[in-house]
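Novice: Provided herewith: coords.txt, compact mmCIF, C-alpha atoms (C1' of nucleotides).
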# COMPACT_ATOMS: atom_id res chain seq x y z
CA MET A 1377 -13.87 -4.11 -24.81
CA PHE A 1378 -10.11 -3.78 -25.30
CA SER A 1379 -7.58 -4.99 -22.74
CA LYS A 1380 -5.59 -2.40 -20.79
CA ALA A 1381 -2.56 -3.40 -22.83
CA CYS A 1382 -4.45 -2.65 -26.01
CA GLU A 1383 -5.72 0.69 -24.74
CA TYR A 1384 -2.17 1.73 -23.89
CA GLY A 1385 -0.98 0.39 -27.23
CA ILE A 1386 -3.43 2.46 -29.24
CA ARG A 1387 -2.78 5.60 -27.20
CA ALA A 1388 0.98 5.11 -27.53
CA ALA A 1389 0.77 4.54 -31.27
CA VAL A 1390 -1.32 7.65 -31.76
CA TYR A 1391 1.11 9.70 -29.72
CA ILE A 1392 4.10 8.36 -31.64
CA ALA A 1393 2.32 9.17 -34.90
CA LEU A 1394 1.55 12.69 -33.72
CA GLN A 1395 5.17 13.35 -32.82
CA SER A 1396 6.45 11.70 -35.97
CA LEU A 1397 4.41 14.24 -37.94
CA ASP A 1398 6.77 16.81 -36.43
CA GLY A 1399 9.78 14.64 -37.20
CA ARG A 1400 10.30 13.85 -33.51
CA ARG A 1401 11.37 10.41 -32.31
CA VAL A 1402 10.10 9.68 -28.81
CA SER A 1403 11.28 7.55 -25.87
CA VAL A 1404 9.21 5.15 -23.76
CA ASN A 1405 9.52 7.55 -20.85
CA GLU A 1406 8.07 10.42 -22.79
CA ILE A 1407 5.30 8.28 -24.23
CA ALA A 1408 4.27 6.88 -20.85
CA GLU A 1409 4.32 10.37 -19.40
CA GLU A 1410 2.23 11.83 -22.19
CA ILE A 1411 -0.39 9.10 -22.37
CA ASP A 1412 -0.43 8.58 -18.59
CA SER A 1413 0.49 4.88 -18.58
CA PRO A 1414 2.87 2.65 -16.54
CA ILE A 1415 6.35 2.96 -18.06
CA ALA A 1416 7.65 -0.61 -17.98
CA PHE A 1417 4.32 -2.07 -19.04
CA THR A 1418 4.12 0.38 -21.90
CA ALA A 1419 7.63 -0.63 -22.96
CA LYS A 1420 6.49 -4.25 -23.31
CA ILE A 1421 3.58 -3.23 -25.44
CA LEU A 1422 5.76 -1.08 -27.67
CA GLN A 1423 7.99 -4.10 -28.18
CA GLN A 1424 4.99 -6.05 -29.44
CA LEU A 1425 4.02 -3.28 -31.80
CA SER A 1426 7.60 -3.01 -33.00
CA ARG A 1427 7.89 -6.75 -33.63
CA ASN A 1428 4.68 -6.53 -35.65
CA ASN A 1429 6.12 -3.69 -37.74
CA ILE A 1430 3.43 -1.31 -36.61
CA ILE A 1431 5.92 1.16 -35.19
CA HIS A 1432 9.64 1.51 -35.80
CA SER A 1433 12.18 1.44 -32.94
CA VAL A 1434 15.75 2.69 -32.82
CA LYS A 1435 18.15 1.69 -30.05
CA GLY A 1436 20.84 3.75 -28.40
CA PRO A 1437 21.20 7.45 -27.73
CA THR A 1438 18.81 9.61 -29.79
CA GLY A 1439 16.86 6.40 -30.25
CA GLY A 1440 13.19 5.89 -29.58
CA PHE A 1441 10.02 5.16 -31.49
CA GLN A 1442 8.66 6.64 -34.68
CA ILE A 1443 6.26 5.93 -37.52
CA ALA A 1444 6.83 6.82 -41.15
CA ARG A 1445 4.23 9.09 -42.71
CA GLU A 1446 3.13 6.40 -45.19
CA ASP A 1447 2.72 3.87 -42.39
CA MET A 1448 0.34 6.16 -40.55
CA ASP A 1449 -2.09 5.65 -43.42
CA ALA A 1450 -1.39 1.93 -43.75
CA VAL A 1451 -1.70 1.13 -40.06
CA LYS A 1452 -5.34 0.68 -39.10
CA LEU A 1453 -6.59 0.17 -35.58
CA ASN A 1454 -7.48 -3.45 -36.23
CA MET A 1455 -3.77 -4.19 -36.78
CA ILE A 1456 -2.88 -2.81 -33.37
CA VAL A 1457 -5.72 -4.66 -31.68
CA LYS A 1458 -4.74 -7.89 -33.39
CA ALA A 1459 -1.08 -7.48 -32.47
CA ILE A 1460 -1.92 -7.06 -28.78
CA ASP A 1461 -5.23 -8.78 -28.05
CA GLY A 1462 -5.14 -11.30 -30.88
CA ASP A 1463 -8.35 -11.93 -32.77
CA LYS A 1464 -10.60 -12.79 -29.83
CA ILE A 1465 -12.58 -9.61 -30.46
CA TYR A 1466 -13.41 -10.71 -34.00
CA VAL A 1467 -13.74 -14.45 -33.49
CA GLY A 1468 -15.76 -16.44 -31.02
CA CYS A 1469 -19.25 -16.45 -29.58
CA GLY A 1470 -20.70 -13.60 -27.53
CA LEU A 1471 -21.97 -16.12 -24.99
CA GLY A 1472 -18.73 -18.13 -24.96
CA LEU A 1473 -19.91 -21.19 -26.90
CA LYS A 1474 -17.15 -23.14 -28.60
CA GLU A 1475 -19.13 -23.97 -31.70
CA CYS A 1476 -21.38 -21.06 -32.49
CA ASN A 1477 -22.04 -20.18 -36.11
CA ALA A 1478 -24.84 -19.51 -38.55
CA GLN A 1479 -25.62 -23.24 -38.73
CA LYS A 1480 -25.69 -23.71 -34.96
CA PRO A 1481 -26.12 -20.24 -33.49
CA CYS A 1482 -26.35 -19.25 -29.84
CA PRO A 1483 -29.47 -17.27 -28.89
CA LEU A 1484 -27.58 -14.00 -29.33
CA HIS A 1485 -25.65 -14.93 -32.45
CA ASP A 1486 -27.30 -12.73 -35.08
CA LYS A 1487 -27.52 -9.63 -32.93
CA PHE A 1488 -23.96 -10.11 -31.82
CA VAL A 1489 -22.64 -10.53 -35.32
CA ASP A 1490 -24.23 -7.21 -36.27
CA ILE A 1491 -22.50 -5.32 -33.49
CA ARG A 1492 -19.20 -6.97 -34.12
CA THR A 1493 -19.33 -6.36 -37.83
CA ASP A 1494 -19.75 -2.66 -37.13
CA LEU A 1495 -16.87 -2.70 -34.67
CA SER A 1496 -14.70 -4.58 -37.11
CA LYS A 1497 -15.49 -2.17 -39.94
CA MET A 1498 -14.69 0.78 -37.72
CA LEU A 1499 -11.32 -0.65 -36.64
CA LYS A 1500 -10.38 -1.67 -40.18
CA SER A 1501 -11.18 1.75 -41.58
CA THR A 1502 -9.59 3.95 -38.93
CA SER A 1503 -5.95 4.84 -39.58
CA LEU A 1504 -3.36 6.14 -37.18
CA PHE A 1505 -3.02 9.23 -39.33
CA GLU A 1506 -6.68 10.05 -38.93
CA LEU A 1507 -6.45 9.80 -35.15
CA ALA A 1508 -3.16 11.71 -34.95
CA THR A 1509 -4.43 14.66 -36.99
CA GLY A 1510 -7.49 14.98 -34.77
CA LEU A 1511 -5.11 15.35 -31.87
CA GLU A 1512 -2.89 17.76 -33.74
CA VAL A 1513 -5.61 20.26 -34.38
CA GLY A 1514 -6.74 20.07 -30.78
CA LEU A 1515 -10.04 18.31 -31.39
CA THR A 1516 -9.15 15.30 -29.24
CA TYR A 1517 -7.02 14.37 -26.23
CA LEU A 1518 -4.90 11.44 -25.05
CA LYS A 1519 -4.47 12.14 -21.35
CA ARG A 1520 -6.80 11.85 -18.36
CA MET B 1103 -16.85 -8.24 -24.59
CA PHE B 1104 -18.63 -9.84 -21.64
CA SER B 1105 -16.78 -11.51 -18.76
CA LYS B 1106 -16.95 -15.28 -18.45
CA ALA B 1107 -19.20 -14.77 -15.43
CA CYS B 1108 -21.56 -12.72 -17.55
CA GLU B 1109 -21.57 -15.26 -20.39
CA TYR B 1110 -22.49 -18.01 -17.94
CA GLY B 1111 -25.07 -15.74 -16.34
CA ILE B 1112 -26.87 -15.05 -19.60
CA ARG B 1113 -26.77 -18.67 -20.68
CA ALA B 1114 -28.06 -19.79 -17.29
CA ALA B 1115 -30.85 -17.23 -17.29
CA VAL B 1116 -31.96 -18.26 -20.76
CA TYR B 1117 -31.96 -21.92 -19.76
CA ILE B 1118 -33.95 -21.21 -16.60
CA ALA B 1119 -36.45 -19.22 -18.66
CA LEU B 1120 -36.76 -22.03 -21.17
CA GLN B 1121 -37.50 -24.58 -18.44
CA SER B 1122 -39.81 -22.22 -16.62
CA LEU B 1123 -41.92 -22.05 -19.78
CA ASP B 1124 -42.58 -25.73 -19.15
CA GLY B 1125 -43.24 -25.08 -15.47
CA ARG B 1126 -39.99 -26.76 -14.45
CA ARG B 1127 -37.81 -25.46 -11.62
CA VAL B 1128 -34.13 -26.31 -12.17
CA SER B 1129 -31.12 -26.92 -9.91
CA VAL B 1130 -27.63 -25.46 -10.25
CA ASN B 1131 -26.38 -28.91 -11.17
CA GLU B 1132 -28.78 -29.26 -14.04
CA ILE B 1133 -28.12 -25.73 -15.25
CA ALA B 1134 -24.34 -26.16 -15.21
CA GLU B 1135 -24.69 -29.47 -17.01
CA GLU B 1136 -26.98 -28.06 -19.67
CA ILE B 1137 -25.08 -24.88 -20.40
CA ASP B 1138 -21.68 -26.57 -19.99
CA SER B 1139 -20.32 -24.35 -17.21
CA PRO B 1140 -18.40 -24.91 -13.93
CA ILE B 1141 -20.95 -25.82 -11.24
CA ALA B 1142 -19.72 -23.87 -8.20
CA PHE B 1143 -18.88 -20.81 -10.23
CA THR B 1144 -22.28 -20.91 -11.85
CA ALA B 1145 -23.86 -21.13 -8.40
CA LYS B 1146 -22.17 -17.87 -7.40
CA ILE B 1147 -23.45 -16.13 -10.49
CA LEU B 1148 -26.98 -17.38 -9.91
CA GLN B 1149 -26.81 -15.92 -6.41
CA GLN B 1150 -26.01 -12.54 -7.92
CA LEU B 1151 -28.89 -12.79 -10.35
CA SER B 1152 -31.19 -13.87 -7.54
CA ARG B 1153 -30.15 -10.99 -5.29
CA ASN B 1154 -30.89 -8.64 -8.17
CA ASN B 1155 -34.36 -10.15 -8.59
CA ILE B 1156 -33.60 -11.29 -12.09
CA ILE B 1157 -34.31 -14.91 -11.30
CA HIS B 1158 -36.19 -16.45 -8.38
CA SER B 1159 -34.62 -19.07 -6.11
CA VAL B 1160 -36.23 -21.59 -3.79
CA LYS B 1161 -34.27 -23.46 -1.13
CA GLY B 1162 -34.72 -27.03 0.02
CA PRO B 1163 -35.94 -30.19 -1.68
CA THR B 1164 -37.84 -29.49 -4.91
CA GLY B 1165 -36.13 -26.11 -4.78
CA GLY B 1166 -34.13 -24.52 -7.54
CA PHE B 1167 -34.33 -21.57 -9.89
CA GLN B 1168 -37.22 -20.29 -11.96
CA ILE B 1169 -38.48 -17.18 -13.71
CA ALA B 1170 -42.09 -16.07 -13.87
CA ARG B 1171 -43.57 -15.70 -17.34
CA GLU B 1172 -44.09 -11.92 -16.90
CA ASP B 1173 -40.48 -11.49 -15.76
CA MET B 1174 -39.19 -13.10 -18.94
CA ASP B 1175 -40.56 -10.10 -20.79
CA ALA B 1176 -39.43 -7.59 -18.21
CA VAL B 1177 -35.89 -8.90 -17.87
CA LYS B 1178 -33.70 -7.53 -20.64
CA LEU B 1179 -30.11 -8.56 -21.27
CA ASN B 1180 -28.76 -5.24 -20.08
CA MET B 1181 -30.12 -6.01 -16.61
CA ILE B 1182 -28.17 -9.25 -16.45
CA VAL B 1183 -25.01 -7.63 -17.76
CA LYS B 1184 -25.34 -4.82 -15.26
CA ALA B 1185 -25.93 -7.22 -12.36
CA ILE B 1186 -22.77 -9.17 -13.15
CA ASP B 1187 -20.32 -6.90 -14.96
CA GLY B 1188 -21.60 -3.59 -13.63
CA ASP B 1189 -21.87 -0.72 -16.06
CA LYS B 1190 -18.31 -0.71 -17.33
CA ILE B 1191 -19.59 -1.76 -20.76
CA TYR B 1192 -21.78 1.32 -20.99
CA VAL B 1193 -19.63 3.84 -19.20
CA GLY B 1194 -16.03 4.78 -19.69
CA CYS B 1195 -13.67 5.53 -22.52
CA GLY B 1196 -12.72 3.02 -25.20
CA LEU B 1197 -9.08 3.98 -24.77
CA GLY B 1198 -9.25 3.97 -20.97
CA LEU B 1199 -9.14 7.72 -20.35
CA LYS B 1200 -10.63 8.84 -17.04
CA GLU B 1201 -12.21 11.98 -18.38
CA CYS B 1202 -13.40 11.34 -21.89
CA ASN B 1203 -16.60 12.96 -23.07
CA ALA B 1204 -18.03 15.06 -25.88
CA GLN B 1205 -16.28 18.16 -24.49
CA LYS B 1206 -12.91 16.48 -24.13
CA PRO B 1207 -13.03 13.38 -26.33
CA CYS B 1208 -10.34 10.79 -26.91
CA PRO B 1209 -9.37 10.25 -30.56
CA LEU B 1210 -11.78 7.33 -30.80
CA HIS B 1211 -14.64 8.84 -28.82
CA ASP B 1212 -17.25 9.43 -31.52
CA LYS B 1213 -16.72 6.14 -33.31
CA PHE B 1214 -16.75 4.31 -30.01
CA VAL B 1215 -19.94 5.93 -28.85
CA ASP B 1216 -21.65 4.79 -32.05
CA ILE B 1217 -20.72 1.16 -31.51
CA ARG B 1218 -21.63 1.24 -27.87
CA THR B 1219 -24.96 2.88 -28.48
CA ASP B 1220 -25.84 0.04 -30.82
CA LEU B 1221 -24.72 -2.53 -28.28
CA SER B 1222 -26.65 -0.79 -25.55
CA LYS B 1223 -29.81 -0.63 -27.64
CA MET B 1224 -29.52 -4.28 -28.47
CA LEU B 1225 -29.09 -5.32 -24.84
CA LYS B 1226 -31.90 -3.08 -23.64
CA SER B 1227 -34.33 -4.39 -26.23
CA THR B 1228 -33.60 -8.11 -25.99
CA SER B 1229 -35.74 -9.96 -23.44
CA LEU B 1230 -35.15 -13.33 -21.86
CA PHE B 1231 -38.43 -14.49 -23.35
CA GLU B 1232 -37.27 -13.71 -26.86
CA LEU B 1233 -34.07 -15.72 -26.37
CA ALA B 1234 -35.83 -18.60 -24.65
CA THR B 1235 -38.41 -19.03 -27.40
CA GLY B 1236 -35.69 -19.14 -30.05
CA LEU B 1237 -34.22 -22.04 -28.12
CA GLU B 1238 -37.58 -23.69 -27.66
CA VAL B 1239 -38.33 -23.96 -31.34
CA GLY B 1240 -34.86 -25.31 -32.02
CA LEU B 1241 -33.51 -22.28 -33.86
CA THR B 1242 -30.68 -21.70 -31.39
CA TYR B 1243 -28.46 -23.61 -28.97
CA LEU B 1244 -26.88 -23.10 -25.55
CA LYS B 1245 -24.24 -25.82 -25.41
CA ARG B 1246 -20.83 -26.25 -27.04
C1' DC C 959 37.38 3.39 -27.14
C1' DA C 960 34.85 4.53 -22.94
C1' DT C 961 30.63 6.49 -21.59
C1' DT C 962 26.03 7.12 -21.96
C1' DA C 963 21.35 6.70 -23.53
C1' DA C 964 18.11 4.09 -25.33
C1' DT C 965 15.36 -0.41 -26.50
C1' DC C 966 15.15 -5.62 -25.68
C1' DG C 967 14.12 -9.47 -23.03
C1' DG C 968 13.63 -12.44 -19.13
C1' DA C 969 12.29 -13.15 -14.41
C1' DC C 970 9.52 -11.79 -10.96
C1' DA C 971 5.36 -9.44 -8.26
C1' DA C 972 0.70 -7.90 -7.57
C1' DA C 973 -4.00 -7.73 -8.62
C1' DA C 974 -8.09 -9.35 -10.72
C1' DA C 975 -10.85 -12.93 -12.72
C1' DT C 976 -12.04 -17.55 -12.68
C1' DG C 977 -12.94 -21.57 -10.33
C1' DT C 978 -13.33 -25.05 -6.06
C1' DC C 979 -14.58 -26.77 -1.49
C1' DC C 980 -17.02 -27.01 2.54
C1' DT C 981 -20.16 -25.45 6.12
C1' DT C 982 -24.58 -23.21 7.10
C1' DT C 983 -29.39 -22.32 6.31
C1' DA C 984 -33.97 -23.17 4.63
C1' DT C 985 -37.50 -26.35 3.28
C1' DT C 986 -39.79 -30.58 1.98
C1' DT C 987 -41.20 -35.13 3.08
C1' DG C 988 -41.63 -39.48 5.37
C1' DC D 435 -39.05 -34.47 14.34
C1' DA D 436 -35.34 -36.59 11.53
C1' DA D 437 -33.43 -37.08 7.16
C1' DA D 438 -32.58 -35.51 2.84
C1' DT D 439 -32.14 -31.85 -0.64
C1' DA D 440 -31.05 -27.63 -2.50
C1' DA D 441 -29.44 -22.71 -2.33
C1' DA D 442 -26.34 -19.29 0.39
C1' DG D 443 -22.08 -17.86 1.70
C1' DG D 444 -17.30 -17.80 3.16
C1' DA D 445 -12.61 -19.26 2.56
C1' DC D 446 -9.36 -20.79 -0.40
C1' DA D 447 -6.88 -22.12 -5.04
C1' DT D 448 -5.66 -21.34 -9.77
C1' DT D 449 -5.03 -18.74 -13.85
C1' DT D 450 -4.74 -14.60 -16.41
C1' DT D 451 -3.81 -9.87 -16.71
C1' DT D 452 -1.37 -6.12 -15.29
C1' DG D 453 2.66 -4.23 -13.76
C1' DT D 454 7.89 -3.96 -12.06
C1' DC D 455 12.93 -4.70 -12.00
C1' DC D 456 17.19 -5.46 -13.79
C1' DG D 457 20.79 -7.07 -16.76
C1' DA D 458 21.94 -7.45 -21.85
C1' DT D 459 22.26 -5.34 -26.25
C1' DT D 460 22.73 -1.56 -29.52
C1' DA D 461 24.37 2.72 -31.12
C1' DA D 462 25.80 7.69 -30.74
C1' DT D 463 29.23 10.90 -29.18
C1' DG D 464 33.13 13.11 -27.07
Rewrite the structure of this file - the entire thing - as structure tokens.
Specialist:
Amino acid sequence: MFSKACEYGIRAAVYIALQSLDGRRVSVNEIAEEIDSPIAFTAKILQQLSRNNIIHSVKGPTGGFQIAREDMDAVKLNMIVKAIDGDKIYVGCGLGLKECNAQKPCPLHDKFVDIRTDLSKMLKSTSLFELATGLEVGLTYLKR
Amino acid sequence: MFSKACEYGIRAAVYIALQSLDGRRVSVNEIAEEIDSPIAFTAKILQQLSRNNIIHSVKGPTGGFQIAREDMDAVKLNMIVKAIDGDKIYVGCGLGLKECNAQKPCPLHDKFVDIRTDLSKMLKSTSLFELATGLEVGLTYLKR
DNA sequence: CATTAATCGGACAAAAATGTCCTTTATTTG
DNA sequence: CAAATAAAGGACATTTTTGTCCGATTAATG
């Protein structure tokens, strides 16, 4: 469904949000440790998220990554997915046809559109804050 | 969503079914031409489908691939997906966690399960025959 | 102002997915 | 039985994704 990069990206963003709720800024090393991901690869992904203004980065000692409380509400999952995987999840034919649309649909078109609409709605309506608070109260987990 | 191999596999299977409805047995070359896919790669995928008894192959002159009318009803999309991509679409965490389940869910678990259940239902309930007949009456397309 | 701690960014490496080529095997047909 | 045809299968090539390494840049702190 999502690429590895995107999986790490979402997990990292949720972890950063969780720590930001406590006013903590976190380093790549800590993030990779806590979400169980490869450090250098995670760093690349965080750069992407930072360039897309999804998370905020600070260089130098005491630096790291953080997310402002308001941004946790504004940032929805679809923004993270788009920043990392592009829009291939939302666009394009389920069977790989170049020109597949309502006028000239592939055999799976309608059924596929239904599924993808649901997925799209879910990603557009799920905020980082929502995911971070689930973690905070111990309902969900990020590791293993 | 699906791998390229799986996309080609589904398209090929639907095309074989369509031709089998007319009693025609088709070669890899014709299939690849008609579904616009790389020939040799398509041949590999057809081998997989054949080994999994999803399509029937016949060697030698006048040989090729075909699907019996009864099998078009019996073969559902999920069988093709499973034969080619395995069960990674059905199993495993949306965020890539190794142990993610109702007891120890990732932050996206519930929402992800919903989407995947829908996808799974769709694949399990869609037969090759259904897709082939849509093609036959000119409602859908397999190329471009 | 030197040291240190952190991200940034580019080059490289490894693994997986996609795709090609060529030989072997089975089968039909003249 | 020989020739031709088509799938089967193995080895190899290319591309994409995943992952690593290291020097450059930025900023805090003694």
Novice: Chain B residues within 10 Å of chain A, counting all atoms listed in the file: which ones, as a ChimeraX atom specification?
Specialist: /B:1103-1106,1108-1113,1116,1137-1138,1190-1191,1195-1211,1213-1214,1216-1221,1224-1225,1228,1230,1232-1237,1240-1246
Novice: Could the residues of chain A within 10 Å of chain D, counting all atoms listed in the file, be given as a PyMOL selection string, please?
Specialist: chain A and resi 1379-1381+1414-1418+1434-1439
Novice: Would you mind listing, as an NGL selection string, all residues of chain C that have at least one atom within 9 Å of chain A, where all atoms listed in the file are what counts?
Specialist: :C and (962-966)
Novice: Rounded to one decimal place, report the CA of Met1448 in chain A-CA of Val1489 in chain A distance in Å.
Specialist: 28.9 Å
Novice: By how many Å are CA of Ile1186 in chain B and C1' of DT978 in chain C apart?
Specialist: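 C1' of DT978 in chain C lies at a distance of 19.8 Å from CA of Ile1186 in chain B.
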Novice: Pick from B:Val1183, B:Leu1151, B:Val1239, B:Val1128: nearest to Ser1222 in chain B, with only C-alpha atoms counted?
Specialist: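 Ranked by minimum distance to Ser1222 in chain B, first place goes to B:Val1183.
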Novice: Give me, please, the distance in Å between C1' of DT976 in chain C and CA of Ile1156 in chain B, quoted to one decimal.
Specialist: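 Separating C1' of DT976 in chain C from CA of Ile1156 in chain B is a distance of 22.5 Å.
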Novice: With all atoms listed in the file as the basis for distance, which of B:Arg1171, B:His1158, B:Tyr1117, B:Ile1147 is at the shortest distance from Asp1187 in chain B?
Specialist: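 Nearest to Asp1187 in chain B: B:Ile1147.
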Novice: Edge lengths and centre, in Å to one decimal, as AutoDock Vina command-line options: that's what I need for the box along x, y and z that holds all listed atoms of range 1393-1403 of chain A plus 3 Å on each side.
Specialist:
--center_x 6.5 --center_y 12.2 --center_z -31.9 --size_x 15.8 --size_y 15.3 --size_z 18.1
